[in-house]
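Next comes start_33.cif, a file with mmCIF, C-alpha atoms and all ligand atoms.
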```cif
data_run
#
loop_
_atom_site.label_atom_id
_atom_site.label_comp_id
_atom_site.auth_asym_id
_atom_site.auth_seq_id
_atom_site.Cartn_x
_atom_site.Cartn_y
_atom_site.Cartn_z
CA MET A 1 -27.76 14.31 -1.27
CA ALA A 2 -28.24 10.71 -2.39
CA GLN A 3 -30.77 8.52 -0.57
CA VAL A 4 -30.21 4.85 0.03
CA ILE A 5 -32.75 2.39 1.44
CA VAL A 6 -31.06 -0.31 3.51
CA VAL A 7 -32.74 -3.52 4.70
CA GLU A 8 -30.37 -5.07 7.24
CA ASP A 9 -31.34 -6.82 10.49
CA ASN A 10 -27.89 -6.67 12.06
CA GLN A 11 -27.62 -3.35 13.91
CA THR A 12 -23.81 -3.20 13.76
CA MET A 13 -23.82 -3.73 10.01
CA LEU A 14 -26.53 -1.11 9.63
CA ASP A 15 -24.47 1.39 11.66
CA LEU A 16 -21.36 0.66 9.59
CA LEU A 17 -23.21 1.13 6.32
CA THR A 18 -24.90 4.31 7.52
CA LEU A 19 -21.66 5.86 8.72
CA ASN A 20 -19.58 4.84 5.71
CA LEU A 21 -22.12 5.76 3.05
CA LYS A 22 -22.35 9.17 4.66
CA THR A 23 -18.57 9.55 4.73
CA PHE A 24 -17.71 8.19 1.31
CA ALA A 25 -20.77 9.00 -0.79
CA SER A 26 -22.43 11.77 1.24
CA ALA A 27 -25.52 9.55 1.15
CA ASP A 28 -28.39 9.36 3.64
CA VAL A 29 -29.48 5.91 4.73
CA ILE A 30 -33.17 5.15 5.20
CA PRO A 31 -33.42 1.88 7.13
CA ARG A 32 -36.37 -0.48 6.48
CA GLU A 33 -37.13 -3.84 8.07
CA ASN A 34 -38.63 -5.86 5.22
CA ALA A 35 -39.72 -5.85 1.58
CA ALA A 36 -43.25 -4.60 2.34
CA GLU A 37 -41.88 -1.53 4.12
CA VAL A 38 -39.56 -0.81 1.18
CA ILE A 39 -42.42 -1.09 -1.30
CA ASP A 40 -44.56 1.26 0.83
CA LEU A 41 -41.78 3.81 0.84
CA LEU A 42 -41.13 3.48 -2.90
CA SER A 43 -44.78 4.25 -3.57
CA LEU A 44 -44.31 7.58 -1.81
CA LEU A 45 -40.71 8.26 -2.80
CA PRO A 46 -39.88 6.69 -6.15
CA SER A 47 -36.74 8.75 -6.57
CA VAL A 48 -34.37 6.97 -4.14
CA ASP A 49 -30.95 6.36 -5.62
CA LEU A 50 -30.15 2.86 -4.41
CA ILE A 51 -31.57 -0.07 -2.44
CA ILE A 52 -29.35 -2.39 -0.39
CA ALA A 53 -31.26 -5.48 0.74
CA LYS A 54 -30.09 -8.48 2.69
CA ASN A 55 -31.13 -11.67 0.93
CA TYR A 56 -32.89 -13.47 3.76
CA ILE A 57 -34.36 -11.91 6.89
CA LYS A 58 -36.52 -14.09 9.11
CA ASN A 59 -36.71 -16.69 6.33
CA GLN A 60 -38.13 -14.16 3.90
CA ASN A 61 -36.47 -13.43 0.60
CA VAL A 62 -36.35 -9.64 0.80
CA PRO A 63 -34.93 -8.59 -2.59
CA HIS A 64 -37.24 -10.82 -4.66
CA ALA A 65 -40.39 -8.82 -3.91
CA ILE A 66 -38.53 -5.52 -4.26
CA VAL A 67 -37.12 -6.43 -7.68
CA ASP A 68 -40.59 -7.58 -8.84
CA PHE A 69 -42.04 -4.25 -7.72
CA LEU A 70 -39.33 -2.26 -9.52
CA ILE A 71 -39.84 -4.19 -12.76
CA ASP A 72 -43.66 -3.93 -12.60
CA ASN A 73 -43.47 -0.19 -11.96
CA ARG A 74 -40.61 0.44 -14.40
CA LEU A 75 -38.54 2.07 -11.70
CA ASP A 76 -34.89 2.35 -12.62
CA ILE A 77 -33.34 2.00 -9.14
CA PRO A 78 -30.26 -0.19 -8.71
CA VAL A 79 -30.34 -2.90 -6.03
CA ILE A 80 -27.46 -4.50 -4.12
CA ILE A 81 -28.37 -7.94 -2.82
CA VAL A 82 -26.35 -8.91 0.23
CA GLY A 83 -25.92 -12.68 0.65
CA ASP A 84 -25.82 -15.69 -1.64
CA VAL A 85 -28.43 -15.67 -4.36
CA GLN A 86 -29.51 -19.29 -4.77
CA GLU A 87 -32.37 -19.01 -7.26
CA ASP A 88 -32.62 -17.28 -10.57
CA TYR A 89 -35.39 -14.82 -11.17
CA PRO A 90 -36.06 -12.98 -14.39
CA GLY A 91 -34.77 -9.45 -14.86
CA ILE A 92 -32.57 -9.55 -11.79
CA GLU A 93 -29.21 -9.20 -13.52
CA GLU A 94 -30.27 -5.92 -15.08
CA ILE A 95 -31.20 -4.36 -11.78
CA ALA A 96 -29.19 -6.06 -9.08
CA THR A 97 -25.56 -6.61 -8.10
CA THR A 98 -24.68 -9.18 -5.46
CA VAL A 99 -22.23 -9.05 -2.55
CA SER A 100 -22.29 -12.60 -1.28
CA ASP A 101 -20.50 -12.12 2.06
CA THR A 102 -23.11 -10.61 4.40
CA LYS A 103 -20.42 -9.30 6.76
CA ASP A 104 -18.22 -7.66 4.13
CA TRP A 105 -19.37 -4.08 4.75
CA GLU A 106 -16.37 -2.65 2.91
CA GLU A 107 -17.33 -4.44 -0.28
CA ILE A 108 -20.96 -3.34 0.13
CA VAL A 109 -19.87 0.27 0.60
CA LYS A 110 -17.55 0.07 -2.41
CA THR A 111 -20.28 -1.41 -4.61
CA ALA A 112 -22.74 1.20 -3.36
CA CYS A 113 -20.32 4.06 -4.01
CA LYS A 114 -19.76 2.82 -7.54
CA SER A 115 -23.46 2.71 -8.14
CA LEU A 116 -23.82 6.24 -6.72
CA GLY A 117 -21.18 7.57 -9.09
CA VAL A 118 -18.29 8.01 -6.65
CA SER A 119 -15.13 7.43 -8.69
CA GLU A 120 -12.92 4.55 -7.68
CA GLU A 121 -9.93 6.85 -7.45
CA SER A 122 -11.51 9.29 -5.03
CA LEU A 123 -12.91 6.38 -3.02
CA THR A 124 -9.51 4.72 -2.60
CA LYS A 125 -8.11 8.06 -1.54
CA LYS A 126 -10.84 8.56 1.01
CA MET A 127 -10.86 4.98 2.31
CA SER A 128 -7.14 4.62 2.88
CA PRO A 129 -5.82 6.76 5.69
CA ASP A 130 -3.38 9.55 4.98
CA PHE A 131 -1.01 8.34 7.69
CA VAL A 132 0.49 4.91 8.21
CA PRO A 133 2.00 3.52 11.40
CA VAL A 134 5.70 2.69 11.65
CA PRO A 135 6.94 0.75 14.71
CA THR A 136 8.57 3.16 17.17
CA ARG A 137 11.61 0.89 17.50
CA TYR A 138 12.53 1.46 13.84
CA PHE A 139 13.61 4.96 14.84
CA LEU A 140 16.27 3.62 17.21
CA SER A 141 18.43 2.71 14.26
CA LEU A 142 18.14 6.11 12.62
CA GLU A 143 19.49 9.52 13.51
CA SER A 144 17.31 11.53 11.19
CA THR A 145 14.44 10.79 8.82
CA PHE A 146 13.73 11.82 5.26
CA CYS A 147 10.09 12.67 6.02
CA ASP A 148 8.07 14.27 8.81
CA VAL A 149 7.12 11.97 11.68
CA TYR A 150 3.92 12.28 13.71
CA ILE A 151 2.31 10.91 16.83
CA ARG A 152 -1.40 10.13 16.86
CA ILE A 153 -3.67 11.61 19.49
CA LYS A 154 -7.22 10.35 20.01
CA LYS A 155 -9.85 13.09 19.97
CA GLY A 156 -12.96 10.94 20.09
CA PRO A 157 -14.23 7.55 18.90
CA GLY A 158 -12.51 6.91 15.55
CA ASP A 159 -11.31 10.51 15.42
CA TYR A 160 -7.57 11.19 15.58
CA GLN A 161 -5.27 14.13 15.33
CA PHE A 162 -1.70 13.80 14.07
CA VAL A 163 0.93 16.00 15.66
CA LYS A 164 4.35 16.43 14.09
CA ARG A 165 7.14 15.25 16.39
CA ILE A 166 10.23 14.95 14.17
CA HIS A 167 10.82 17.20 11.19
CA GLN A 168 12.14 15.92 7.90
CA GLY A 169 15.94 15.81 7.89
CA GLU A 170 16.17 16.90 11.53
CA LYS A 171 18.69 15.07 13.73
CA TYR A 172 16.78 13.83 16.74
CA PRO A 173 18.21 12.61 20.05
CA MET A 174 17.65 8.93 20.89
CA ASP A 175 16.16 10.05 24.23
CA VAL A 176 13.08 11.26 22.37
CA VAL A 177 12.44 7.81 20.90
CA ASN A 178 13.31 6.02 24.14
CA LYS A 179 10.94 8.26 26.07
CA TYR A 180 8.04 7.28 23.81
CA ILE A 181 8.98 3.60 23.91
CA ASN A 182 9.08 3.69 27.72
CA GLN A 183 5.65 5.29 27.71
CA GLY A 184 4.43 2.30 25.74
CA LEU A 185 4.03 4.05 22.38
CA LYS A 186 4.14 1.31 19.74
CA HIS A 187 3.96 3.41 16.57
CA PHE A 188 4.90 6.72 15.08
CA TYR A 189 3.08 7.81 11.92
CA ILE A 190 4.29 9.00 8.55
CA ALA A 191 2.43 10.19 5.44
CA LYS A 192 1.24 7.22 3.42
CA GLU A 193 3.15 8.22 0.30
CA TYR A 194 6.46 7.63 2.14
CA GLU A 195 5.57 4.15 3.39
CA GLU A 196 7.57 2.06 0.94
CA ASN A 197 10.53 4.42 0.83
CA PHE A 198 10.66 4.43 4.59
CA THR A 199 11.43 0.71 4.85
CA ASN A 200 14.10 1.16 2.19
CA PHE A 201 15.53 4.11 4.06
CA VAL A 202 15.73 2.22 7.37
CA SER A 203 17.18 -0.86 5.65
CA ASN A 204 19.83 1.17 3.85
CA GLN A 205 20.90 2.94 7.03
CA LEU A 206 21.26 -0.39 8.80
CA VAL A 207 23.17 -1.98 5.93
CA GLU A 208 25.58 0.94 5.99
CA LYS A 209 26.19 0.49 9.72
CA LEU A 210 26.57 -3.28 9.36
CA ASN A 211 29.29 -2.74 6.78
CA ASP A 212 31.13 -0.23 8.94
CA LYS A 213 34.29 -2.01 10.06
CA SER A 214 35.05 0.54 12.76
CA ILE A 215 32.03 -0.40 14.88
CA LYS A 216 32.88 -2.62 17.90
CA LEU A 217 31.28 -6.03 18.49
CA ASP A 218 28.87 -4.98 21.26
CA GLU A 219 27.43 -2.20 19.18
CA LYS A 220 27.38 -4.43 16.10
CA ILE A 221 25.29 -6.96 18.01
CA ASP A 222 22.73 -4.25 18.82
CA ILE A 223 22.59 -3.12 15.20
CA MET A 224 22.26 -6.70 13.95
CA ALA A 225 19.45 -7.35 16.43
CA GLU A 226 17.63 -4.21 15.35
CA GLY A 227 18.07 -5.03 11.69
CA TYR A 228 17.04 -8.65 12.27
CA SER A 229 13.78 -7.68 13.87
CA ILE A 230 12.96 -5.14 11.13
CA ALA A 231 13.88 -7.58 8.35
CA LEU A 232 11.74 -10.38 9.83
CA GLN A 233 8.76 -8.07 10.37
CA GLU A 234 8.87 -6.59 6.90
CA ILE A 235 9.46 -9.92 5.14
CA TYR A 236 6.70 -11.65 7.12
CA LYS A 237 4.27 -8.81 6.43
CA MET A 238 5.18 -7.70 2.91
CA GLY A 239 7.32 -10.48 1.40
CA PHE A 240 10.77 -9.91 -0.06
CA THR A 241 11.68 -6.52 -1.53
CA SER A 242 15.11 -5.51 -2.78
CA ALA A 243 15.67 -3.55 0.45
CA THR A 244 14.73 -6.39 2.82
CA VAL A 245 16.69 -8.95 0.78
CA GLN A 246 19.75 -6.72 1.03
CA LEU A 247 19.22 -6.20 4.76
CA ALA A 248 18.81 -9.96 5.37
CA GLU A 249 21.96 -10.64 3.35
CA SER A 250 23.98 -8.06 5.31
CA ILE A 251 22.88 -9.52 8.64
CA VAL A 252 23.62 -13.09 7.54
CA HIS A 253 27.11 -12.04 6.47
CA SER A 254 27.65 -10.09 9.67
CA MET A 255 26.71 -13.19 11.66
CA ILE A 256 29.25 -15.24 9.71
CA ASP A 257 31.86 -12.49 10.14
CA THR A 258 31.48 -12.43 13.91
CA PHE A 259 32.27 -16.16 13.87
CA LYS A 260 35.30 -15.69 11.64
CA VAL A 261 36.72 -12.71 13.51
CA ASN A 262 36.24 -14.24 16.97
CA PRO A 263 38.07 -17.55 16.98
CA GLU A 264 36.78 -18.66 20.37
CA MET A 265 33.13 -19.62 20.44
CA SER A 266 32.37 -19.26 24.16
CA PRO A 267 33.16 -15.54 24.68
CA LEU A 268 31.17 -14.72 21.56
CA LEU A 269 28.14 -16.73 22.64
CA PHE A 270 28.47 -15.17 26.09
CA LYS A 271 28.33 -11.68 24.57
CA ILE A 272 25.25 -12.50 22.51
CA ILE A 273 23.44 -14.32 25.29
CA ASN A 274 23.99 -11.40 27.67
CA SER A 275 23.15 -8.68 25.17
CA LYS A 276 19.89 -6.82 25.71
CA THR A 277 18.49 -8.09 22.44
CA GLY A 278 15.44 -10.17 21.57
CA TYR A 279 15.14 -13.94 21.99
CA LEU A 280 14.66 -14.65 18.29
CA TYR A 281 17.76 -12.73 17.32
CA ARG A 282 19.94 -14.30 20.03
CA HIS A 283 18.71 -17.77 19.08
CA ALA A 284 19.37 -17.18 15.39
CA HIS A 285 22.85 -15.72 15.81
CA MET A 286 23.89 -18.39 18.31
CA CYS A 287 22.61 -21.21 16.08
CA SER A 288 24.57 -19.80 13.18
CA ILE A 289 27.78 -19.69 15.25
CA VAL A 290 27.33 -23.14 16.77
CA SER A 291 26.61 -24.75 13.37
CA SER A 292 29.61 -23.00 11.83
CA GLU A 293 31.83 -24.19 14.68
CA ILE A 294 30.63 -27.78 14.19
CA LEU A 295 31.26 -27.54 10.44
CA LYS A 296 34.79 -26.27 11.08
CA ASN A 297 35.58 -29.06 13.52
CA MET A 298 34.23 -31.64 11.09
CA GLY A 299 36.64 -30.40 8.44
CA ARG A 300 33.82 -28.83 6.40
CA ASP A 301 34.95 -25.22 6.77
CA LYS A 302 33.39 -23.99 3.52
CA LYS A 303 31.98 -20.54 2.86
CA GLU A 304 28.79 -21.87 1.18
CA LEU A 305 28.05 -24.17 4.11
CA HIS A 306 28.45 -21.40 6.68
CA GLU A 307 26.11 -19.32 4.57
CA THR A 308 23.51 -22.08 4.32
CA MET A 309 23.50 -22.47 8.10
CA ALA A 310 23.32 -18.73 8.71
CA TYR A 311 20.33 -18.41 6.35
CA ALA A 312 18.60 -21.33 8.06
CA ALA A 313 19.24 -19.73 11.45
CA PHE A 314 17.97 -16.39 10.20
CA PHE A 315 14.62 -17.61 8.87
CA LYS A 316 13.75 -20.70 10.92
CA ASP A 317 11.40 -18.98 13.40
CA ILE A 318 10.12 -16.07 11.30
CA ALA A 319 6.52 -17.05 12.10
CA PHE A 320 7.08 -15.92 15.72
CA VAL A 321 7.95 -12.36 14.78
CA GLU A 322 4.84 -10.99 16.52
CA ASN A 323 5.25 -13.16 19.62
CA GLU A 324 8.75 -14.38 20.31
CA GLU A 325 7.71 -16.14 23.53
CA LEU A 326 6.34 -18.90 21.28
CA ALA A 327 9.87 -19.68 20.10
CA LYS A 328 10.67 -20.99 23.58
CA ILE A 329 8.42 -24.00 22.97
CA SER A 330 10.73 -26.64 21.60
CA THR A 331 9.14 -29.98 22.46
CA PHE A 332 5.80 -31.58 21.75
CA ASN A 333 5.15 -31.97 25.49
CA ALA A 334 5.76 -28.26 26.10
CA LEU A 335 3.30 -27.47 23.32
CA GLU A 336 0.69 -29.82 24.79
CA GLU A 337 1.07 -28.23 28.22
CA SER A 338 1.11 -24.65 26.90
CA GLU A 339 -2.64 -23.87 26.97
CA LEU A 340 -2.24 -21.77 23.85
CA ASP A 341 -5.26 -20.70 21.84
CA GLU A 342 -5.87 -22.58 18.60
CA PHE A 343 -4.19 -19.98 16.41
CA SER A 344 -0.94 -19.86 18.38
CA TRP A 345 -0.93 -23.66 18.80
CA ASP A 346 -1.12 -24.10 15.03
CA LEU A 347 1.51 -21.42 14.53
CA VAL A 348 3.97 -23.27 16.77
CA PHE A 349 3.09 -26.66 15.28
CA ASN A 350 3.58 -25.50 11.67
CA HIS A 351 6.24 -22.82 12.08
CA ALA A 352 9.11 -24.80 10.51
CA GLN A 353 7.01 -25.62 7.46
CA GLU A 354 5.86 -22.01 7.13
CA ALA A 355 9.43 -20.68 7.38
CA ALA A 356 10.57 -23.16 4.72
CA ASN A 357 7.78 -21.96 2.42
CA ILE A 358 8.83 -18.35 2.94
CA VAL A 359 12.52 -18.97 2.29
CA ARG A 360 11.65 -20.73 -0.97
CA LYS A 361 10.45 -17.38 -2.28
CA LEU A 362 13.89 -15.88 -1.73
CA GLU A 363 15.79 -15.91 -5.00
CA ASP A 364 19.41 -16.96 -4.56
CA ALA A 365 18.73 -18.64 -1.20
CA PRO A 366 21.36 -21.32 -0.60
CA LEU A 367 20.51 -24.80 -1.82
CA ASP A 368 18.80 -27.04 0.79
CA VAL A 369 18.18 -24.22 3.24
CA ASP A 370 14.43 -24.89 3.08
CA THR A 371 14.98 -28.56 3.96
CA ILE A 372 17.23 -27.66 6.89
CA ILE A 373 14.60 -25.22 8.18
CA LYS A 374 11.82 -27.80 7.74
CA ASN A 375 13.83 -30.34 9.73
CA HIS A 376 14.99 -28.03 12.52
CA HIS A 377 12.74 -29.58 15.18
CA GLY A 378 13.32 -33.10 13.96
CA THR A 379 10.39 -33.73 11.62
CA THR A 380 10.62 -34.29 7.89
CA ASN A 381 7.59 -32.16 6.97
CA GLY A 382 8.22 -29.21 9.29
CA ARG A 383 5.15 -29.96 11.40
CA GLY A 384 5.42 -30.62 15.13
CA PHE A 385 8.47 -31.84 17.02
CA ALA A 386 10.56 -35.01 17.17
CA THR A 387 9.45 -37.40 19.91
CA GLU A 388 10.83 -40.49 21.54
CA ASN A 389 8.71 -42.69 19.28
CA ASN A 390 9.33 -40.74 16.15
CA LYS A 391 13.06 -40.74 15.49
CA THR A 392 13.74 -40.20 11.80
CA ASP A 393 16.84 -40.00 9.68
CA PHE A 394 17.93 -36.68 8.16
CA PRO A 395 20.54 -35.30 5.75
CA LYS A 396 23.86 -34.42 7.41
CA LEU A 397 23.39 -30.64 7.25
CA SER A 398 19.95 -30.95 8.85
CA LEU A 399 21.47 -33.06 11.64
CA ILE A 400 24.18 -30.46 12.28
CA PHE A 401 21.56 -27.73 12.45
CA ILE A 402 19.31 -29.79 14.76
CA VAL A 403 22.24 -30.22 17.18
CA ALA A 404 22.95 -26.47 17.02
CA VAL A 405 19.28 -25.67 17.70
CA GLU A 406 19.11 -28.03 20.68
CA PHE A 407 22.37 -26.71 22.11
CA THR A 408 21.18 -23.11 21.73
CA ASN A 409 17.83 -23.96 23.36
CA GLU A 410 19.70 -25.34 26.33
CA LEU A 411 22.02 -22.31 26.65
CA LEU A 412 19.17 -19.84 26.44
CA ALA A 413 17.03 -21.83 28.90
CA PHE A 414 20.02 -21.84 31.23
CA LYS A 415 20.23 -18.05 30.92
CA GLU A 416 16.49 -17.41 31.28
CA LEU A 417 15.59 -19.98 33.92
CA GLY A 418 18.95 -20.32 35.62
CA ARG A 419 18.75 -24.12 35.57
CA LYS A 420 21.89 -26.16 35.24
CA PRO A 421 22.71 -27.06 31.62
CA ARG A 422 22.50 -30.76 30.84
CA PRO A 423 24.99 -32.60 28.60
CA ILE A 424 23.89 -32.18 25.00
CA VAL A 425 23.99 -35.96 24.38
CA ASP A 426 21.36 -36.56 27.07
CA ILE A 427 19.03 -34.00 25.50
CA LEU A 428 19.46 -35.38 22.00
CA LYS A 429 19.01 -39.00 23.11
CA GLU A 430 15.43 -38.30 24.14
CA LYS A 431 14.32 -37.38 20.64
CA TYR A 432 16.94 -38.49 18.15
CA ASP A 433 18.87 -41.51 17.01
CA VAL A 434 22.27 -40.34 18.35
CA SER A 435 24.17 -43.10 16.59
CA LYS A 436 23.70 -40.99 13.44
CA MET A 437 25.01 -37.87 15.19
CA LYS A 438 28.19 -39.15 16.84
CA ASP A 439 30.60 -37.17 14.64
CA ILE A 440 28.54 -34.00 15.07
CA ILE A 441 28.32 -34.31 18.85
CA HIS A 442 32.03 -35.02 18.94
CA ALA A 443 32.72 -31.86 16.89
CA LEU A 444 30.61 -29.79 19.25
CA GLU A 445 32.17 -31.29 22.37
CA LYS A 446 35.62 -30.54 20.99
CA THR A 447 34.72 -26.83 20.84
CA ILE A 448 33.21 -26.82 24.30
CA LYS A 449 36.31 -28.51 25.76
CA ASN A 450 38.66 -26.14 23.94
CA SER A 451 37.06 -23.07 25.38
FE FE B 501 11.80 -23.33 15.65
#
```

Encoding of this model in structure tokens:
Amino acid sequence: MAQVIVVEDNQTMLDLLTLNLKTFASADVIPRENAAEVIDLLSLLPSVDLIIAKNYIKNQNVPHAIVDFLIDNRLDIPVIIVGDVQEDYPGIEEIATTVSDTKDWEEIVKTACKSLGVSEESLTKKMSPDFVPVPTRYFLSLESTFCDVYIRIKKGPGDYQFVKRIHQGEKYPMDVVNKYINQGLKHFYIAKEYEENFTNFVSNQLVEKLNDKSIKLDEKIDIMAEGYSIALQEIYKMGFTSATVQLAESIVHSMIDTFKVNPEMSPLLFKIINSKTGYLYRHAHMCSIVSSEILKNMGRDKKELHETMAYAAFFKDIAFVENEELAKISTFNALEESELDEFSWDLVFNHAQEAANIVRKLEDAPLDVDTIIKNHHGTTNGRGFATENNKTDFPKLSLIFIVAVEFTNELLAFKELGRKPRPIVDILKEKYDVSKMKDIIHALEKTIKNS
């Protein structure tokens, strides 16, 4: 068994290194507090396999004295220096490797394993778990899976057992999934080798259902909502893949189709608003319908424009995929009063800009969709929100989308809080120069009056 001397004054780091070197390199750690102690030990035990030494402990340069001792005594023991090496000392590069981040225990363990002759391949295999989590909700849109599905049971600290719950190819009843969801189970587990294929599998199943013309509107809304949440999660986490691009495209076209097939806007919005689906999805689908309705009433009933709006609606709030409550903040005052932590505050403040950056990576995204997303809260750079003192001018399509967003905010707030909806003009007046929006407001009012 390999022996490794570790000089580390942070107990947590020392524990992590001890545990991981044992697991991944079957090595025993001998902790020492300073260079003098290491040198004492080396005099007795010159055959240790590796020394890991933090650069500075209590203002003392630990590795320097150790390296000097090794050179003077011609001991061929590799050293890993943890922390930034400021000064140059002779002979060091032949003996020592540096890991500059003192908290990066994974990198230290990797470097140590390499030095101890553990192959990179076997290390990767050991370090990455055999099972990967898949959100439980993903299974609501499937009827069977192409691989075995497990639940994870905790046996002790850091020790888990995986128990098979759904067999490959087996048709499972939805009750099984619902039961776990109701118990608060967030993830099922699948073998790591199926991870990528699993997303493709779920996406393909959803795309098939979305294209099924025999499915009624209510059920379609549920499928779209499910697909929307999976697409956003996967795209936000992993970027675009052919499966998620196809899923996003199918949902966008389904949203446009619902608008085309249902000539009256109000009953459709009513169905979506009352569906038991997530806030982000309802907001996106409603924005797409309202913008399309405005376009139609303005005599701009063009396929490409409906598509542009639907894509903007789809991606505008992707940054809130982990916390859709944040999407309910739609004014600068609400953000100021929110008492959010710094991370969430920044996320809300920059979400339009972030979404625009993401959509730019989508090949074949409609022209200008990134600009429309950036402008959707009334700022040119996608940061913050329009305010009374900051009324800017925007391209026409951005203005249409802004009106749709504000109108949707008001409808959803009406549903959630039960407060009386205010006239859209009054809401817009507070933040925008409405003289530039007259035709758009008129087009929207025409729809509202008609239904
Ligand atoms: Fe937004």

* Go through the chains and note each residue within 7 Å of ligand FE 501 (chain B), using all atoms listed in the file, then give the set as an MDAnalysis selection string. => chainID A and resid 316:317 327 330 351:352 376:377

* To do: May I ask for the distance between CA of Met286 (chain A) and CA of Leu269 (chain A), given in Å to one decimal place?
  =>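 So the answer is 6.3 Å.
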
* Looking at A:Gly169, A:Ala413, A:Pro421, A:Tyr432, which one is nearest to Thr379 (chain A), with distances taken over all atoms listed in the file? ->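 Of the candidates, the smallest distance to Thr379 (chain A) is held by A:Tyr432.
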
* From the list A:Glu219, A:Glu33, A:Asp364, A:Glu322, which residue is nearest Tyr56 (chain A) when using all atoms listed in the file? -> A:Glu33

* Using all atoms listed in the file, which of the listed residues (A:Val202, A:Val261, A:Met238, A:Val99) sits closest to Tyr138 (chain A)? -> A:Val202

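With only C-alpha atoms as the atoms that count, the residue of A:Asp76, A:Leu185, A:Phe198, A:Ser122 with the shortest distance to Phe146 (chain A) is A:Phe198.
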
* Determine, counting only C-alpha atoms, which protein, DNA and RNA residues have an atom within 12 Å of an atom of Asp426 (chain A); residues of the same chain fewer than 4 positions away are not included. Present the result as an MDAnalysis selection string. => chainID A and resid 403 406:407 410 421:422 430:434 441

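The spacing separating CA of Val149 (chain A) from CA of Ala225 (chain A) amounts to 23.4 Å.
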
* Expected residue set, 10 Å radius at (5.1, 7.0, 13.8), all atoms listed in the file, as a VMD selection string -> chain A and resid 131 to 139 148 to 152 162 164 to 166 185 to 191

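For the choices A:Leu140, A:Ser214, A:Asn55, A:Asp9, the atom-to-atom distance to Thr98 (chain A) is smallest for A:Asn55 when using only C-alpha atoms.
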
* **Distance of CA of Thr241 (chain A) from CA of Val207 (chain A), expressed in Å to one decimal place** => 14.4 Å

* Asked: Nearest to Leu19 (chain A) among A:Thr447, A:Ala53, A:Val109, A:Phe314, with distances taken over only C-alpha atoms: which residue is it?
  ->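 Answer, going by the shortest atom-to-atom distance: A:Val109.
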
Set the distance at 12 Å and use all atoms listed in the file: which residues neighbour Ser242 (chain A) once local chain neighbours fewer than 5 positions away are removed? I'd like the list as an mmCIF file with C-alpha atoms, keeping the file's coordinate frame.
```cif
data_model
loop_
_atom_site.group_PDB
_atom_site.id
_atom_site.type_symbol
_atom_site.label_atom_id
_atom_site.label_comp_id
_atom_site.auth_asym_id
_atom_site.auth_seq_id
_atom_site.Cartn_x
_atom_site.Cartn_y
_atom_site.Cartn_z
ATOM 1 C CA GLU A 196 7.570 2.060 0.940
ATOM 2 C CA ASN A 197 10.530 4.420 0.830
ATOM 3 C CA THR A 199 11.430 0.710 4.850
ATOM 4 C CA ASN A 200 14.100 1.160 2.190
ATOM 5 C CA PHE A 201 15.530 4.110 4.060
ATOM 6 C CA SER A 203 17.180 -0.860 5.650
ATOM 7 C CA ASN A 204 19.830 1.170 3.850
ATOM 8 C CA ALA A 231 13.880 -7.580 8.350
ATOM 9 C CA GLU A 234 8.870 -6.590 6.900
ATOM 10 C CA ILE A 235 9.460 -9.920 5.140
ATOM 11 C CA LEU A 247 19.220 -6.200 4.760
ATOM 12 C CA ALA A 248 18.810 -9.960 5.370
ATOM 13 C CA GLU A 249 21.960 -10.640 3.350
ATOM 14 C CA LEU A 362 13.890 -15.880 -1.730
ATOM 15 C CA GLU A 363 15.790 -15.910 -5.000
#
```

Need the shell around Leu399 (chain A): protein/DNA/RNA residues with any atom at most 10 Å away, counting only C-alpha atoms. Skip same-chain ones fewer than 2 positions apart. Format as a compact mmCIF listing (two decimals) with C-alpha atoms, in the coordinates of the input?
```txt
# COMPACT_ATOMS: atom_id res chain seq x y z
CA SER A 291 26.61 -24.75 13.37
CA ILE A 372 17.23 -27.66 6.89
CA ASN A 375 13.83 -30.34 9.73
CA HIS A 376 14.99 -28.03 12.52
CA GLY A 378 13.32 -33.10 13.96
CA ASP A 393 16.84 -40.00 9.68
CA PHE A 394 17.93 -36.68 8.16
CA PRO A 395 20.54 -35.30 5.75
CA LYS A 396 23.86 -34.42 7.41
CA LEU A 397 23.39 -30.64 7.25
CA PHE A 401 21.56 -27.73 12.45
CA ILE A 402 19.31 -29.79 14.76
CA VAL A 403 22.24 -30.22 17.18
CA ALA A 404 22.95 -26.47 17.02
CA VAL A 405 19.28 -25.67 17.70
CA TYR A 432 16.94 -38.49 18.15
CA VAL A 434 22.27 -40.34 18.35
CA LYS A 436 23.70 -40.99 13.44
CA MET A 437 25.01 -37.87 15.19
CA ILE A 440 28.54 -34.00 15.07
```

* To do: Could you give me, as a list in words, the residues that have an atom at most 9 Å away from the point (-31.1, -6.1, -10.7) in the coordinates of the file, using only C-alpha atoms?
  =>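 Selection result: Val67, Ile77, Pro78, Val79, Ile80, Ile81, Gly91, Ile92, Glu93, Glu94, Ile95, Ala96, Thr97 and Thr98 of chain A.
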
Return as JSON the box centre and box size in Å, one decimal, for an axis-aligned box around all listed atoms of region 118-121 of chain A padded by 8 Å per side.
```
{"center_x": -14.1, "center_y": 6.3, "center_z": -7.7, "size_x": 24.4, "size_y": 19.5, "size_z": 18.0}
```

* Would you list the contacts of Ser338 (chain A) as a list in words, taking every protein, DNA or RNA residue within 12 Å and counting only C-alpha atoms, but skipping same-chain residues closer than 6 positions in sequence? =>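 Counting only C-alpha atoms, the residues come to Glu325, Leu326, Lys328, Ile329, Ser330, Thr331, Phe332, Ser344, Trp345, Val348 and Phe349 of chain A.
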